[in-house]
Amino acid sequence: MSLLDDLKMYLRFASGLREYARHRLTPEQARETIRRRMAQREANFLRFVERGIFGYAKSPYRPLMKLAGCEFADIREMVKSRGLEKTLSGLRRAGVYVSYEEFKGRTPMVRQGKTYPVTARDFENPFLKVHYQGETGGTTGVGRRVPLELDHQAEHAPQLIMALQAHGCLGAPSAVWRGPIPDATGMNYMLRAIRHGHLPQKWFITHLTGDSKPRLSYRLAAHCFVNIMRMLSVPVPRPRPLRLSQADVLARWAEKTLETHVACCIQTTVSRALWICDAAQRAGMDLGGTVFFVSGEPITRAKARVIQHAGARYINAYGMFELGQMGLSCANPQCSDEVHLISDCFGLITHPRTLPQGETVNALNFTSLLPTAPLLMLNAEIDDHAVVEDRSCGCPLGDLGYTLHLSQISSYTKLVSGGASFMGRDVVRVLEQVLPEKLGGGPLDYQLLEEEDQAGFTRVHLVVSPRVKIEDENMVKSLFLQSLKEGPDSYSWASSLWNEGQVLQIRRMEPFTTSRGKHLSLWRRKEPRC
C-alpha cells in the first residue's frame, strides 16, 4: 500500500471515528443483538456465499465450487434441508475447504489433480471500507497486514459486553497491556470498550530492548486515534511503553485500584499476565479481585494455576488477529481453556487430520458469517485442533445460544529436529509442568530454542532461566528426554536419537519473548534470507 493509500485510509478512519463514538450499547441491547444474529446465521451465511463467492469473480473459492459441481441454488437448498453445519460438512467432503498453508498463501490449492495458485491477499474481504490496518505477529511465518473496519469492532462489542458481565467485571476499572501498533489488539479493545462506555484507565504497550520504531503511518494512526477521541470527549488514555521487567507497575495499579473497587480487569496476553502475577508475589501483593482478560497463547493448566495462585481470575479469549475473537471463556468450565464458540460470527466444523505420529485430531475449520469479517473464510483450517462439545453449561454465555464448547485447544504443528518428531503439546507439557515441578521455577522459565550451528546441524537448546538453580545440566537433559519418553511409543526412539546425536543442549539465559510480548515454548530462531 502506498503512502497516498495510507493517507486516504486514515482520513476515512478519522472521519469514521466521529460517528462510531456516538453510539453506546447496553447489556440488554448487546444480548438482543446476539440473539438476533443467532437467528439469522443461515441467512448470513447464504449472503456471504452469494456475494463473496459467486458474486466475486476473484474469489479463491469459485474454482473449488466448480469442481464440487455446486451453484448458489444448490447451496441454498442444502442449507434449507440440512442446516448450516451439515452443509459445511458436505462442502468439506466435496473439496471446498482451505488448508492452513493455503490460507496463508504459502502453498497453492491442489484439488483433483488441478492446481490453483493463491496468495494471502486473495482471502481478504473486498467489500470492506478499510479504516485502518494491523499486522499479525508472524508467529508461524512473516507477519501479514490485515485490513480492519470500524463496523467490525462494533459487531464484536456485544460479545465483549456479555463476557465481562458473565464473569462479573463489566464496568470495573481496567487497563490494557498489548504490543505497539501494528499490533492493533490494544486499539481494537479500546474501540469495543467505547461501545459499552467503560474505557480502560491505563494503556501500556510492551517495549523490548532493541525494538525498532514502527512505521510512521502506524505511529500517526495511534496519535490520531487518541487525539480525535479526546476531541470528541472520549477519554482514551495515551499508550505508554512498559518493559516486561516493569510488570510490577500494573500489579501496583491493580492493588491500589482494589482498595476502592471490588474488581479490576487487565487486558493482556497470557504470558504478560504471568509476569504481573510474578511481580505481585515477589512484592507480597494480593491480586484477589483482579480479572485478566487474556489472549494470544493457550491458557494451559500450569499457566492457569499461576494466575489463580496470585488470587486472580481470568477470561480466556480464543482467536486469531486476522479473524478476531472466535471463543470466550465459559463461566462454568470443565477445562482451564474452555471457551464458547462465538456462533453468531462463525460457523465451525471439525475434520479428521492424521498427524505424522499417527494420531488423528479434530482440525478446526472456520467459516465467517458477518459481512464485516476481514477475511472471507469457508471451511478454513487455522492449524488448530480441539475437543468440541455441544452442551448446556448453565452460564450466561450458554444462555445466549453459545452451546458449542472448545477445549484443549492446540496447534497440530509439530517439532521436527535432529531427525526426530514430537507433538508440540507434549513438549509444552514437559516445559510447563514437569520441569517446574521437578526443578523449580514457573512456566515462563523454560523454552526450546531451535537453531542451526555453523556446520548447518540443527540444535535444540533447552533454555533455562538463570533464576532456576540447577547443579547438573546433564541431569536436566536426562529429565527432559525421559519425560518425553512417557508419550507415544515413537517418542522413546526419538528421545534416544536426540541423546545420541547430542541434539539437545542446555542454555542458561532468559527465554525469548516476541515483539508482541508472547512467550513461546517452542522458538525457532529466524535467520536472515538473501
# chains A, B, ... in the order shown; residues from 1 in each chain; ligands from 1
call {"tool": "select_by_dssp", "arguments": {"residues": "stretch 240-365 of chain A", "states": "strand (DSSP E or B)", "output": "ChimeraX atom specification"}}
result
/A:240-242,264-269,290-295,313-320,324-329,339-341,346-354,360-365
call {"tool": "write_last_selection", "arguments": {"atoms": "C-alpha atoms", "output": "PDB file, in the first residue's frame"}}
result
ATOM      1  CA  ARG A 240       2.793   4.314  27.444  1.00  0.00           C
ATOM      2  CA  PRO A 241       5.760   1.957  26.948  1.00  0.00           C
ATOM      3  CA  LEU A 242       6.273  -0.743  29.570  1.00  0.00           C
ATOM      4  CA  CYS A 264     -10.449  -4.667  38.213  1.00  0.00           C
ATOM      5  CA  CYS A 265      -9.636  -6.042  34.778  1.00  0.00           C
ATOM      6  CA  ILE A 266      -6.342  -6.214  32.882  1.00  0.00           C
ATOM      7  CA  GLN A 267      -6.496  -6.987  29.155  1.00  0.00           C
ATOM      8  CA  THR A 268      -3.221  -8.572  28.025  1.00  0.00           C
ATOM      9  CA  THR A 269      -1.552 -11.731  26.766  1.00  0.00           C
ATOM     10  CA  THR A 290      -8.181  -8.946  39.561  1.00  0.00           C
ATOM     11  CA  VAL A 291      -9.539 -10.466  36.362  1.00  0.00           C
ATOM     12  CA  PHE A 292      -7.113 -10.961  33.487  1.00  0.00           C
ATOM     13  CA  PHE A 293      -8.722 -10.812  30.049  1.00  0.00           C
ATOM     14  CA  VAL A 294      -6.119 -12.883  28.228  1.00  0.00           C
ATOM     15  CA  SER A 295      -5.465 -13.994  24.664  1.00  0.00           C
ATOM     16  CA  ARG A 313      -9.115 -14.957  37.819  1.00  0.00           C
ATOM     17  CA  TYR A 314      -9.063 -14.889  34.027  1.00  0.00           C
ATOM     18  CA  ILE A 315     -11.286 -14.641  30.983  1.00  0.00           C
ATOM     19  CA  ASN A 316      -9.816 -16.526  28.060  1.00  0.00           C
ATOM     20  CA  ALA A 317     -10.357 -15.174  24.545  1.00  0.00           C
ATOM     21  CA  TYR A 318      -9.550 -17.596  21.739  1.00  0.00           C
ATOM     22  CA  GLY A 319      -8.935 -16.218  18.291  1.00  0.00           C
ATOM     23  CA  MET A 320      -6.571 -15.080  15.580  1.00  0.00           C
ATOM     24  CA  GLY A 324     -10.956 -11.558  15.800  1.00  0.00           C
ATOM     25  CA  GLN A 325     -12.288 -13.357  18.843  1.00  0.00           C
ATOM     26  CA  MET A 326     -13.744 -16.731  17.969  1.00  0.00           C
ATOM     27  CA  GLY A 327     -14.259 -18.016  21.501  1.00  0.00           C
ATOM     28  CA  LEU A 328     -14.772 -16.611  25.006  1.00  0.00           C
ATOM     29  CA  SER A 329     -14.362 -18.276  28.404  1.00  0.00           C
ATOM     30  CA  VAL A 339     -14.425 -21.326  25.556  1.00  0.00           C
ATOM     31  CA  HIS A 340     -17.796 -20.833  23.922  1.00  0.00           C
ATOM     32  CA  LEU A 341     -17.710 -20.544  20.136  1.00  0.00           C
ATOM     33  CA  PHE A 346     -18.546 -18.040  12.893  1.00  0.00           C
ATOM     34  CA  GLY A 347     -19.551 -21.435  11.681  1.00  0.00           C
ATOM     35  CA  LEU A 348     -17.378 -24.341  12.784  1.00  0.00           C
ATOM     36  CA  ILE A 349     -16.929 -27.937  11.787  1.00  0.00           C
ATOM     37  CA  THR A 350     -14.117 -30.356  12.504  1.00  0.00           C
ATOM     38  CA  HIS A 351     -12.400 -32.629  10.040  1.00  0.00           C
ATOM     39  CA  PRO A 352     -10.093 -35.527  10.904  1.00  0.00           C
ATOM     40  CA  ARG A 353      -6.425 -34.832  10.298  1.00  0.00           C
ATOM     41  CA  THR A 354      -3.863 -37.579  10.773  1.00  0.00           C
ATOM     42  CA  THR A 360      -5.823 -38.300  14.446  1.00  0.00           C
ATOM     43  CA  VAL A 361      -7.085 -34.924  15.678  1.00  0.00           C
ATOM     44  CA  ASN A 362     -10.166 -32.791  15.097  1.00  0.00           C
ATOM     45  CA  ALA A 363      -8.839 -29.994  12.875  1.00  0.00           C
ATOM     46  CA  LEU A 364     -10.927 -26.845  13.248  1.00  0.00           C
ATOM     47  CA  ASN A 365     -12.485 -25.433  10.064  1.00  0.00           C
TER      48      ASN A 365
END
call {"tool": "residues_around", "arguments": {"residues": "A:Ala163", "least_positions_apart": "4", "cutoff": "9 Å", "atoms": "only C-alpha atoms", "output": "ChimeraX atom specification"}}
result
/A:158-159,167-170,315,328-331,396-397
call {"tool": "closest_atom_pairs", "arguments": {"of": "stretch 342-455 of chain A", "to": "stretch 98-101 of chain A", "cutoff": "6 Å", "atoms": "only C-alpha atoms", "output": "tab-separated table"}}
result
residue	atom	partner	partner_atom	distance
A:Ala380	CA	A:Val98	CA	4.7
A:Glu381	CA	A:Tyr100	CA	4.9
A:Ile382	CA	A:Tyr100	CA	5.1
A:Asp383	CA	A:Tyr100	CA	5.7
call {"tool": "residues_around", "arguments": {"residues": "A:Glu510", "least_positions_apart": "4", "cutoff": "8 Å", "atoms": "only C-alpha atoms", "output": "number ranges by chain"}}
result
A: 445, 463-466
call {"tool": "write_last_selection", "arguments": {"atoms": "N, CA, C and O atoms", "output": "PDB file, in the first residue's frame"}}
result
ATOM      1  N   ASP A 445       9.911 -20.002  32.658  1.00  0.00           N
ATOM      2  CA  ASP A 445      11.353 -20.148  32.884  1.00  0.00           C
ATOM      3  C   ASP A 445      12.012 -21.175  31.976  1.00  0.00           C
ATOM      4  O   ASP A 445      13.234 -21.369  32.042  1.00  0.00           O
ATOM      5  N   VAL A 463      16.369 -23.902  26.942  1.00  0.00           N
ATOM      6  CA  VAL A 463      16.678 -22.642  27.612  1.00  0.00           C
ATOM      7  C   VAL A 463      16.107 -22.687  29.024  1.00  0.00           C
ATOM      8  O   VAL A 463      14.914 -22.948  29.216  1.00  0.00           O
ATOM      9  N   VAL A 464      16.975 -22.428  30.005  1.00  0.00           N
ATOM     10  CA  VAL A 464      16.568 -22.423  31.409  1.00  0.00           C
ATOM     11  C   VAL A 464      16.961 -21.076  32.004  1.00  0.00           C
ATOM     12  O   VAL A 464      18.117 -20.655  31.919  1.00  0.00           O
ATOM     13  N   SER A 465      16.003 -20.402  32.594  1.00  0.00           N
ATOM     14  CA  SER A 465      16.278 -19.100  33.199  1.00  0.00           C
ATOM     15  C   SER A 465      17.343 -19.229  34.285  1.00  0.00           C
ATOM     16  O   SER A 465      17.328 -20.188  35.068  1.00  0.00           O
ATOM     17  N   PRO A 466      18.266 -18.262  34.363  1.00  0.00           N
ATOM     18  CA  PRO A 466      19.272 -18.284  35.436  1.00  0.00           C
ATOM     19  C   PRO A 466      18.660 -18.250  36.834  1.00  0.00           C
ATOM     20  O   PRO A 466      19.327 -18.590  37.818  1.00  0.00           O
TER      21      PRO A 466
END
call {"tool": "residues_around", "arguments": {"residues": "A:Val468", "least_positions_apart": "4", "cutoff": "10 Å", "atoms": "only C-alpha atoms", "output": "PyMOL selection string"}}
result
chain A and resi 436+439-442+445-446+464+508
call {"tool": "atom_distance", "arguments": {"atom1": "atom CA of A:Ala94", "atom2": "atom CA of A:Gly401"}}
result
29.1 Å
call {"tool": "select_by_dssp", "arguments": {"residues": "stretch 22-215 of chain A", "states": "helix (DSSP H, G or I)", "output": "ChimeraX atom specification"}}
result
/A:27-39,41-54,62-68,72-82,84-93,100-103,120-123,150-166,185-196
call {"tool": "atom_distance", "arguments": {"atom1": "atom CA of A:Leu191", "atom2": "atom CA of A:His156"}}
result
9.9 Å
call {"tool": "residues_around", "arguments": {"residues": "A:Val249", "least_positions_apart": "5", "cutoff": "10 Å", "atoms": "only C-alpha atoms", "output": "PDB file with all heavy atoms, in the first residue's frame"}}
result
ATOM      1  N   LEU A 242       6.046  -0.012  28.331  1.00  0.00           N
ATOM      2  CA  LEU A 242       6.273  -0.743  29.570  1.00  0.00           C
ATOM      3  C   LEU A 242       7.088  -1.995  29.257  1.00  0.00           C
ATOM      4  O   LEU A 242       6.693  -2.808  28.419  1.00  0.00           O
ATOM      5  CB  LEU A 242       4.934  -1.132  30.206  1.00  0.00           C
ATOM      6  CG  LEU A 242       5.001  -1.691  31.622  1.00  0.00           C
ATOM      7  CD1 LEU A 242       5.354  -0.592  32.622  1.00  0.00           C
ATOM      8  CD2 LEU A 242       3.675  -2.344  32.007  1.00  0.00           C
ATOM      9  N   ARG A 243       8.210  -2.131  29.924  1.00  0.00           N
ATOM     10  CA  ARG A 243       9.041  -3.323  29.750  1.00  0.00           C
ATOM     11  C   ARG A 243       8.482  -4.480  30.581  1.00  0.00           C
ATOM     12  O   ARG A 243       7.778  -4.273  31.571  1.00  0.00           O
ATOM     13  CB  ARG A 243      10.484  -3.046  30.166  1.00  0.00           C
ATOM     14  CG  ARG A 243      11.178  -1.979  29.325  1.00  0.00           C
ATOM     15  CD  ARG A 243      12.627  -1.808  29.765  1.00  0.00           C
ATOM     16  NE  ARG A 243      13.273  -0.733  29.024  1.00  0.00           N
ATOM     17  CZ  ARG A 243      13.830  -0.891  27.820  1.00  0.00           C
ATOM     18  NH1 ARG A 243      13.804  -2.096  27.246  1.00  0.00           N
ATOM     19  NH2 ARG A 243      14.397   0.117  27.196  1.00  0.00           N
ATOM     20  N   LEU A 244       8.850  -5.699  30.183  1.00  0.00           N
ATOM     21  CA  LEU A 244       8.403  -6.857  30.940  1.00  0.00           C
ATOM     22  C   LEU A 244       8.907  -6.791  32.377  1.00  0.00           C
ATOM     23  O   LEU A 244       8.212  -7.211  33.310  1.00  0.00           O
ATOM     24  CB  LEU A 244       8.887  -8.145  30.266  1.00  0.00           C
ATOM     25  CG  LEU A 244       8.304  -8.438  28.877  1.00  0.00           C
ATOM     26  CD1 LEU A 244       8.930  -9.697  28.297  1.00  0.00           C
ATOM     27  CD2 LEU A 244       6.792  -8.581  28.935  1.00  0.00           C
ATOM     28  N   ALA A 254      -3.224  -2.484  40.064  1.00  0.00           N
ATOM     29  CA  ALA A 254      -4.332  -3.349  40.480  1.00  0.00           C
ATOM     30  C   ALA A 254      -4.523  -3.294  41.996  1.00  0.00           C
ATOM     31  O   ALA A 254      -5.655  -3.187  42.488  1.00  0.00           O
ATOM     32  CB  ALA A 254      -4.063  -4.790  40.030  1.00  0.00           C
ATOM     33  N   GLU A 255      -3.418  -3.353  42.758  1.00  0.00           N
ATOM     34  CA  GLU A 255      -3.516  -3.323  44.212  1.00  0.00           C
ATOM     35  C   GLU A 255      -4.175  -2.027  44.689  1.00  0.00           C
ATOM     36  O   GLU A 255      -5.065  -2.053  45.560  1.00  0.00           O
ATOM     37  CB  GLU A 255      -2.128  -3.468  44.826  1.00  0.00           C
ATOM     38  CG  GLU A 255      -2.131  -3.485  46.358  1.00  0.00           C
ATOM     39  CD  GLU A 255      -0.728  -3.524  46.932  1.00  0.00           C
ATOM     40  OE1 GLU A 255       0.102  -2.697  46.493  1.00  0.00           O
ATOM     41  OE2 GLU A 255      -0.468  -4.363  47.805  1.00  0.00           O
ATOM     42  N   ILE A 276       2.921 -10.241  35.513  1.00  0.00           N
ATOM     43  CA  ILE A 276       2.289  -9.395  36.532  1.00  0.00           C
ATOM     44  C   ILE A 276       2.098 -10.185  37.828  1.00  0.00           C
ATOM     45  O   ILE A 276       2.370  -9.681  38.928  1.00  0.00           O
ATOM     46  CB  ILE A 276       0.943  -8.852  36.016  1.00  0.00           C
ATOM     47  CG1 ILE A 276       1.167  -7.942  34.801  1.00  0.00           C
ATOM     48  CG2 ILE A 276       0.203  -8.096  37.110  1.00  0.00           C
ATOM     49  CD1 ILE A 276      -0.112  -7.567  34.060  1.00  0.00           C
ATOM     50  N   ALA A 279       5.423 -10.583  39.552  1.00  0.00           N
ATOM     51  CA  ALA A 279       5.839  -9.334  40.199  1.00  0.00           C
ATOM     52  C   ALA A 279       5.051  -9.096  41.485  1.00  0.00           C
ATOM     53  O   ALA A 279       5.602  -8.637  42.496  1.00  0.00           O
ATOM     54  CB  ALA A 279       5.652  -8.164  39.238  1.00  0.00           C
ATOM     55  N   ALA A 280       3.760  -9.412  41.448  1.00  0.00           N
ATOM     56  CA  ALA A 280       2.923  -9.213  42.629  1.00  0.00           C
ATOM     57  C   ALA A 280       3.360 -10.123  43.773  1.00  0.00           C
ATOM     58  O   ALA A 280       3.455  -9.682  44.931  1.00  0.00           O
ATOM     59  CB  ALA A 280       1.461  -9.465  42.280  1.00  0.00           C
TER      60      ALA A 280
END
call {"tool": "closest_residue", "arguments": {"among": "A:Lys8, A:His196, A:His385, A:Lys86", "to": "A:Met162", "atoms": "only C-alpha atoms"}}
result
A:His196
call {"tool": "closest_atom_pairs", "arguments": {"of": "stretch 230-349 of chain A", "to": "stretch 22-31 of chain A", "cutoff": "12 Å", "atoms": "only C-alpha atoms", "output": "JSON lines"}}
result
{"residue": "A:Leu232", "atom": "CA", "partner": "A:Arg22", "partner_atom": "CA", "distance": 8.9}
{"residue": "A:Ser233", "atom": "CA", "partner": "A:Arg22", "partner_atom": "CA", "distance": 10.4}
{"residue": "A:Val234", "atom": "CA", "partner": "A:Arg22", "partner_atom": "CA", "distance": 9.7}
{"residue": "A:Asp344", "atom": "CA", "partner": "A:Arg31", "partner_atom": "CA", "distance": 11.7}
call {"tool": "write_last_selection", "arguments": {"atoms": "N, CA, C and O atoms", "output": "compact mmCIF listing (two decimals), in the first residue's frame"}}
result
# COMPACT_ATOMS: atom_id res chain seq x y z
N LEU A 232 -13.57 14.41 20.91
CA LEU A 232 -14.97 14.01 20.99
C LEU A 232 -15.40 13.72 22.43
O LEU A 232 -16.45 13.12 22.65
N SER A 233 -14.55 14.13 23.37
CA SER A 233 -14.83 13.94 24.80
C SER A 233 -14.89 12.48 25.20
O SER A 233 -15.60 12.09 26.13
N VAL A 234 -14.13 11.65 24.50
CA VAL A 234 -13.97 10.24 24.86
C VAL A 234 -12.57 10.09 25.45
O VAL A 234 -11.58 10.20 24.72
N ASP A 344 -22.58 -16.59 16.49
CA ASP A 344 -23.26 -15.66 15.60
C ASP A 344 -22.29 -15.06 14.58
O ASP A 344 -22.73 -14.49 13.58
call {"tool": "residues_around", "arguments": {"residues": "A:Leu91", "least_positions_apart": "2", "cutoff": "10 Å", "atoms": "only C-alpha atoms", "output": "MDAnalysis selection string"}}
result
chainID A and resid 64:65 68 70 75 78 85:89 93:97 378:379
call {"tool": "write_last_selection", "arguments": {"atoms": "N, CA, C and O atoms", "output": "mmCIF file, in the first residue's frame"}}
result
data_model
loop_
_atom_site.group_PDB
_atom_site.id
_atom_site.type_symbol
_atom_site.label_atom_id
_atom_site.label_comp_id
_atom_site.auth_asym_id
_atom_site.auth_seq_id
_atom_site.Cartn_x
_atom_site.Cartn_y
_atom_site.Cartn_z
ATOM 1 N N LEU A 64 -13.174 -24.009 -6.508
ATOM 2 C CA LEU A 64 -13.495 -25.160 -5.659
ATOM 3 C C LEU A 64 -14.972 -25.516 -5.780
ATOM 4 O O LEU A 64 -15.335 -26.702 -5.829
ATOM 5 N N MET A 65 -15.825 -24.504 -5.836
ATOM 6 C CA MET A 65 -17.255 -24.740 -6.031
ATOM 7 C C MET A 65 -17.518 -25.393 -7.386
ATOM 8 O O MET A 65 -18.359 -26.295 -7.516
ATOM 9 N N ALA A 68 -16.636 -28.974 -7.283
ATOM 10 C CA ALA A 68 -17.621 -29.716 -6.499
ATOM 11 C C ALA A 68 -18.982 -29.777 -7.188
ATOM 12 O O ALA A 68 -19.886 -30.488 -6.729
ATOM 13 N N CYS A 70 -21.135 -27.258 -7.555
ATOM 14 C CA CYS A 70 -22.109 -26.520 -6.751
ATOM 15 C C CYS A 70 -22.368 -25.136 -7.325
ATOM 16 O O CYS A 70 -21.429 -24.377 -7.580
ATOM 17 N N ILE A 75 -26.382 -24.582 -2.911
ATOM 18 C CA ILE A 75 -26.024 -24.256 -1.531
ATOM 19 C C ILE A 75 -27.261 -23.843 -0.751
ATOM 20 O O ILE A 75 -27.464 -24.262 0.400
ATOM 21 N N MET A 78 -29.254 -26.866 0.121
ATOM 22 C CA MET A 78 -28.582 -27.655 1.151
ATOM 23 C C MET A 78 -28.813 -27.052 2.533
ATOM 24 O O MET A 78 -29.094 -27.769 3.500
ATOM 25 N N GLU A 85 -24.362 -26.327 9.583
ATOM 26 C CA GLU A 85 -23.190 -27.164 9.857
ATOM 27 C C GLU A 85 -23.130 -28.386 8.941
ATOM 28 O O GLU A 85 -22.041 -28.753 8.466
ATOM 29 N N LYS A 86 -24.247 -29.015 8.662
ATOM 30 C CA LYS A 86 -24.233 -30.166 7.759
ATOM 31 C C LYS A 86 -23.906 -29.746 6.330
ATOM 32 O O LYS A 86 -23.281 -30.509 5.581
ATOM 33 N N THR A 87 -24.305 -28.545 5.954
ATOM 34 C CA THR A 87 -23.924 -28.021 4.642
ATOM 35 C C THR A 87 -22.416 -27.824 4.565
ATOM 36 O O THR A 87 -21.771 -28.193 3.577
ATOM 37 N N LEU A 88 -21.839 -27.250 5.617
ATOM 38 C CA LEU A 88 -20.384 -27.043 5.647
ATOM 39 C C LEU A 88 -19.647 -28.376 5.589
ATOM 40 O O LEU A 88 -18.631 -28.499 4.886
ATOM 41 N N SER A 89 -20.150 -29.371 6.288
ATOM 42 C CA SER A 89 -19.513 -30.684 6.268
ATOM 43 C C SER A 89 -19.589 -31.308 4.875
ATOM 44 O O SER A 89 -18.629 -31.922 4.395
ATOM 45 N N ARG A 93 -16.360 -32.320 2.445
ATOM 46 C CA ARG A 93 -16.138 -33.634 1.824
ATOM 47 C C ARG A 93 -15.995 -33.512 0.312
ATOM 48 O O ARG A 93 -15.306 -34.326 -0.324
ATOM 49 N N ALA A 94 -16.620 -32.493 -0.265
ATOM 50 C CA ALA A 94 -16.549 -32.285 -1.713
ATOM 51 C C ALA A 94 -15.304 -31.508 -2.134
ATOM 52 O O ALA A 94 -15.142 -31.208 -3.321
ATOM 53 N N GLY A 95 -14.444 -31.173 -1.183
ATOM 54 C CA GLY A 95 -13.198 -30.471 -1.510
ATOM 55 C C GLY A 95 -13.262 -28.974 -1.378
ATOM 56 O O GLY A 95 -12.308 -28.284 -1.754
ATOM 57 N N VAL A 96 -14.370 -28.439 -0.836
ATOM 58 C CA VAL A 96 -14.490 -26.998 -0.662
ATOM 59 C C VAL A 96 -14.000 -26.645 0.747
ATOM 60 O O VAL A 96 -14.762 -26.670 1.719
ATOM 61 N N TYR A 97 -12.735 -26.370 0.851
ATOM 62 C CA TYR A 97 -12.078 -26.006 2.106
ATOM 63 C C TYR A 97 -10.753 -25.358 1.744
ATOM 64 O O TYR A 97 -10.321 -25.359 0.588
ATOM 65 N N LEU A 378 -14.259 -19.964 4.284
ATOM 66 C CA LEU A 378 -15.217 -21.046 4.091
ATOM 67 C C LEU A 378 -14.477 -22.351 4.358
ATOM 68 O O LEU A 378 -13.621 -22.751 3.573
ATOM 69 N N ASN A 379 -14.774 -22.970 5.480
ATOM 70 C CA ASN A 379 -14.073 -24.192 5.887
ATOM 71 C C ASN A 379 -12.555 -23.975 5.851
ATOM 72 O O ASN A 379 -11.810 -24.755 5.256
#
call {"tool": "residues_around", "arguments": {"residues": "A:Leu287", "least_positions_apart": "4", "cutoff": "6 Å", "atoms": "only C-alpha atoms", "output": "list in words"}}
result
Ala310, Gly311 and Ala312 of chain A
